Amino acid sequence: KLRDDIQSSSYDSIAHRIENGQTILELQGEDYPTKIFGEHNMQNLSAAFNVCSALGVEAVDFYRSIQNFEGASNRLELIAEGPNSVAFRDFAHSPSKLKATVNALKKQYPDRKLVACMELHTYSSLNATFITSYRGTLNPADEALVFYSPKALAIKRLPPLAPSDIEAAFAKPNLKVTTDADQVIEFLNEQEIENTNFLFMSSGNYGGANLPEWAKKALSN
């Protein structure tokens with residue numbers, strides 16, 4: 001039997017603005033800088049605020065506390081930072097999450113170049129029919145690379161994919177597609193670090209290429 005005492009309420013993104021690469025919440029004329037950003041996070045904050053309010057938490061206490069929240073691991077997680085560059089990793093691999101993540105970082109730092117690396121790793125993302133759903137998801141990035149492993153295709157018993165298939169599916173101009181982990185690092189080494197952000201999106205490990213370690217070294221120089 002369904003409960004008849006459950007109430008639902010709609011919500012949208014919590015009131016905020018972006019200044020100099022930081023998202024700031026606004027409440028009654030006061031600013032509350034946060035460590036997280038992106039529309040999905042702002043929507044989640046709004047939902048959390050509604051729940052806390054229903055439980056009797058004062059609004060100002062919620063806003064003060066949320067300033068220390070660093071987000072979930074592997075969800076727009078900051079892994080390296082330089083004077084005018086940052087590197088994030090994200091578990092995003094579905095088309096909708098990929099699009100949201102790329103857009104969030106570009107919106108947060110509109111004046112910086114964005115370099116995005118994505119790995120096709122899950123069963124669905126390696127499906128020749130499904131990958132057409134990724135069309136346009138990487139377009140906000142200034143430079144983009146897609147990595148996939150033929151071994152992953154074999155393990156999942158999927159038909160082979162050609163780089164040209166992936167290029168056509170994403171429809172991203174100048175998209176680089178590779179099955180070689182070393183070429184992922186070479187691609188990153190070719191990028192300017194100055195005024196550039198890096199985004200690594202995968203539920204795998206890019207064939208063993210250690211992108212977080214690359215970012216920590218590159219951005220610290």
# chains A, B, ... in the order shown; residues from 1 in each chain; ligands from 1
$ closest_atom_pairs --of "stretch 158-209 of chain A" --to "stretch 139-145 of chain A" --cutoff "6 Å" --atoms "only C-alpha atoms" --output "Markdown table"
| residue | atom | partner | partner_atom | distance |
| --- | --- | --- | --- | --- |
| A:Lys172 | CA | A:Asn139 | CA | 5.7 |
| A:Leu175 | CA | A:Ala144 | CA | 5.5 |
| A:Lys176 | CA | A:Leu145 | CA | 4.6 |
| A:Val177 | CA | A:Leu145 | CA | 5.7 |
$ write_last_selection --atoms "all heavy atoms" --output "PDB file, in the first residue's frame"
ATOM      1  N   LYS A 172      32.652  16.178 -33.665  1.00  0.00           N
ATOM      2  CA  LYS A 172      33.416  17.273 -33.072  1.00  0.00           C
ATOM      3  C   LYS A 172      34.562  17.612 -34.019  1.00  0.00           C
ATOM      4  O   LYS A 172      35.423  16.770 -34.297  1.00  0.00           O
ATOM      5  CB  LYS A 172      33.967  16.846 -31.714  1.00  0.00           C
ATOM      6  CG  LYS A 172      35.127  17.688 -31.169  1.00  0.00           C
ATOM      7  CD  LYS A 172      34.688  19.057 -30.735  1.00  0.00           C
ATOM      8  CE  LYS A 172      35.866  19.802 -30.082  1.00  0.00           C
ATOM      9  NZ  LYS A 172      35.549  21.212 -29.841  1.00  0.00           N
ATOM     10  N   LEU A 175      38.463  16.405 -33.674  1.00  0.00           N
ATOM     11  CA  LEU A 175      38.523  15.449 -32.578  1.00  0.00           C
ATOM     12  C   LEU A 175      39.631  14.432 -32.827  1.00  0.00           C
ATOM     13  O   LEU A 175      39.756  13.884 -33.914  1.00  0.00           O
ATOM     14  CB  LEU A 175      37.179  14.706 -32.453  1.00  0.00           C
ATOM     15  CG  LEU A 175      37.118  13.588 -31.406  1.00  0.00           C
ATOM     16  CD1 LEU A 175      37.222  14.167 -29.995  1.00  0.00           C
ATOM     17  CD2 LEU A 175      35.829  12.782 -31.553  1.00  0.00           C
ATOM     18  N   LYS A 176      40.452  14.182 -31.799  1.00  0.00           N
ATOM     19  CA  LYS A 176      41.492  13.169 -31.897  1.00  0.00           C
ATOM     20  C   LYS A 176      40.972  11.884 -31.269  1.00  0.00           C
ATOM     21  O   LYS A 176      40.445  11.897 -30.151  1.00  0.00           O
ATOM     22  CB  LYS A 176      42.770  13.609 -31.189  1.00  0.00           C
ATOM     23  CG  LYS A 176      43.908  12.602 -31.313  1.00  0.00           C
ATOM     24  CD  LYS A 176      45.198  13.129 -30.704  1.00  0.00           C
ATOM     25  CE  LYS A 176      46.331  12.110 -30.815  1.00  0.00           C
ATOM     26  NZ  LYS A 176      46.642  11.771 -32.228  1.00  0.00           N
ATOM     27  N   VAL A 177      41.104  10.786 -31.982  1.00  0.00           N
ATOM     28  CA  VAL A 177      40.666   9.478 -31.489  1.00  0.00           C
ATOM     29  C   VAL A 177      41.859   8.536 -31.500  1.00  0.00           C
ATOM     30  O   VAL A 177      42.582   8.460 -32.497  1.00  0.00           O
ATOM     31  CB  VAL A 177      39.533   8.897 -32.358  1.00  0.00           C
ATOM     32  CG1 VAL A 177      39.101   7.539 -31.820  1.00  0.00           C
ATOM     33  CG2 VAL A 177      38.342   9.854 -32.398  1.00  0.00           C
TER      34      VAL A 177
END
$ residues_around --residues "A:Asp31" --least-positions-apart "5" --cutoff "12 Å" --atoms "only C-alpha atoms" --output "list in words"
Ala15, His16, Arg17, Ile18, Glu19, Gln22, Thr23, Ile24, Leu25, Glu26, Val60, Tyr63, Arg64 and Gln67 of chain A
$ closest_atom_pairs --of "stretch 107-154 of chain A" --to "stretch 178-184 of chain A" --cutoff "6 Å" --atoms "only C-alpha atoms" --output "tab-separated table"
residue	atom	partner	partner_atom	distance
A:Phe147	CA	A:Thr178	CA	5.1
A:Tyr148	CA	A:Thr179	CA	5.2
A:Ser149	CA	A:Thr179	CA	5.3
$ write_last_selection --atoms "N, CA and C atoms" --output "short mmCIF file (atom, residue, chain, number, x, y, z; two decimals), in the first residue's frame"
data_model
loop_
_atom_site.label_atom_id
_atom_site.label_comp_id
_atom_site.auth_asym_id
_atom_site.auth_seq_id
_atom_site.Cartn_x
_atom_site.Cartn_y
_atom_site.Cartn_z
N PHE A 147 39.56 8.25 -26.17
CA PHE A 147 40.37 7.03 -26.11
C PHE A 147 39.44 5.83 -25.95
N TYR A 148 39.79 4.73 -26.60
CA TYR A 148 39.09 3.48 -26.35
C TYR A 148 40.05 2.33 -26.57
N SER A 149 39.76 1.21 -25.94
CA SER A 149 40.65 0.05 -26.01
C SER A 149 40.01 -1.07 -26.81
#
$ residues_around --residues "stretch 91-104 of chain A" --least-positions-apart "4" --cutoff "7 Å" --atoms "only C-alpha atoms" --output "NGL selection string"
:A and (38-39 or 74-75 or 108 or 133-134 or 137-138 or 140-141 or 201-203)
$ write_last_selection --atoms "N, CA and C atoms" --output "PDB file, in the first residue's frame"
ATOM      1  N   GLY A  38      28.616  23.949 -11.345  1.00  0.00           N
ATOM      2  CA  GLY A  38      27.881  23.197 -12.358  1.00  0.00           C
ATOM      3  C   GLY A  38      26.399  23.134 -12.032  1.00  0.00           C
ATOM      4  N   GLU A  39      25.580  23.116 -13.082  1.00  0.00           N
ATOM      5  CA  GLU A  39      24.130  23.132 -12.888  1.00  0.00           C
ATOM      6  C   GLU A  39      23.632  21.918 -12.113  1.00  0.00           C
ATOM      7  N   ASN A  74      35.481  11.812  -7.659  1.00  0.00           N
ATOM      8  CA  ASN A  74      35.349  11.537  -9.096  1.00  0.00           C
ATOM      9  C   ASN A  74      34.172  12.247  -9.755  1.00  0.00           C
ATOM     10  N   ARG A  75      33.600  13.212  -9.071  1.00  0.00           N
ATOM     11  CA  ARG A  75      32.530  14.016  -9.669  1.00  0.00           C
ATOM     12  C   ARG A  75      33.017  15.461  -9.726  1.00  0.00           C
ATOM     13  N   GLN A 108      32.203  27.755 -16.103  1.00  0.00           N
ATOM     14  CA  GLN A 108      32.880  28.225 -14.899  1.00  0.00           C
ATOM     15  C   GLN A 108      34.102  29.078 -15.231  1.00  0.00           C
ATOM     16  N   SER A 133      24.711   8.805 -29.821  1.00  0.00           N
ATOM     17  CA  SER A 133      24.087   9.655 -28.806  1.00  0.00           C
ATOM     18  C   SER A 133      25.068  10.692 -28.274  1.00  0.00           C
ATOM     19  N   TYR A 134      26.363  10.526 -28.558  1.00  0.00           N
ATOM     20  CA  TYR A 134      27.381  11.463 -28.072  1.00  0.00           C
ATOM     21  C   TYR A 134      27.554  12.672 -28.988  1.00  0.00           C
ATOM     22  N   THR A 137      28.457  16.401 -27.804  1.00  0.00           N
ATOM     23  CA  THR A 137      28.685  16.514 -26.357  1.00  0.00           C
ATOM     24  C   THR A 137      30.041  17.138 -26.015  1.00  0.00           C
ATOM     25  N   LEU A 138      31.022  17.012 -26.900  1.00  0.00           N
ATOM     26  CA  LEU A 138      32.347  17.564 -26.644  1.00  0.00           C
ATOM     27  C   LEU A 138      32.574  18.914 -27.320  1.00  0.00           C
ATOM     28  N   PRO A 140      31.773  22.039 -26.708  1.00  0.00           N
ATOM     29  CA  PRO A 140      32.244  23.216 -25.969  1.00  0.00           C
ATOM     30  C   PRO A 140      33.749  23.207 -25.696  1.00  0.00           C
ATOM     31  N   ALA A 141      34.379  22.042 -25.740  1.00  0.00           N
ATOM     32  CA  ALA A 141      35.824  21.957 -25.506  1.00  0.00           C
ATOM     33  C   ALA A 141      36.584  22.523 -26.695  1.00  0.00           C
ATOM     34  N   MET A 201      37.524  12.539 -18.324  1.00  0.00           N
ATOM     35  CA  MET A 201      36.247  11.883 -18.065  1.00  0.00           C
ATOM     36  C   MET A 201      36.318  10.405 -18.426  1.00  0.00           C
ATOM     37  N   SER A 202      36.184   9.559 -17.409  1.00  0.00           N
ATOM     38  CA  SER A 202      36.271   8.126 -17.655  1.00  0.00           C
ATOM     39  C   SER A 202      35.862   7.341 -16.421  1.00  0.00           C
ATOM     40  N   SER A 203      35.349   6.132 -16.641  1.00  0.00           N
ATOM     41  CA  SER A 203      35.148   5.174 -15.558  1.00  0.00           C
ATOM     42  C   SER A 203      36.222   4.094 -15.658  1.00  0.00           C
TER      43      SER A 203
END
$ closest_residue --among "A:Ile131, A:Ala59, A:Ile79, A:Val86" --to "A:Ala168" --atoms "only C-alpha atoms"
A:Ile131
$ select_by_dssp --residues "stretch 15-208 of chain A" --states "alpha helix (DSSP H)" --output "ChimeraX atom specification"
/A:39-54,59-66,95-108,150-155,163-170,181-189
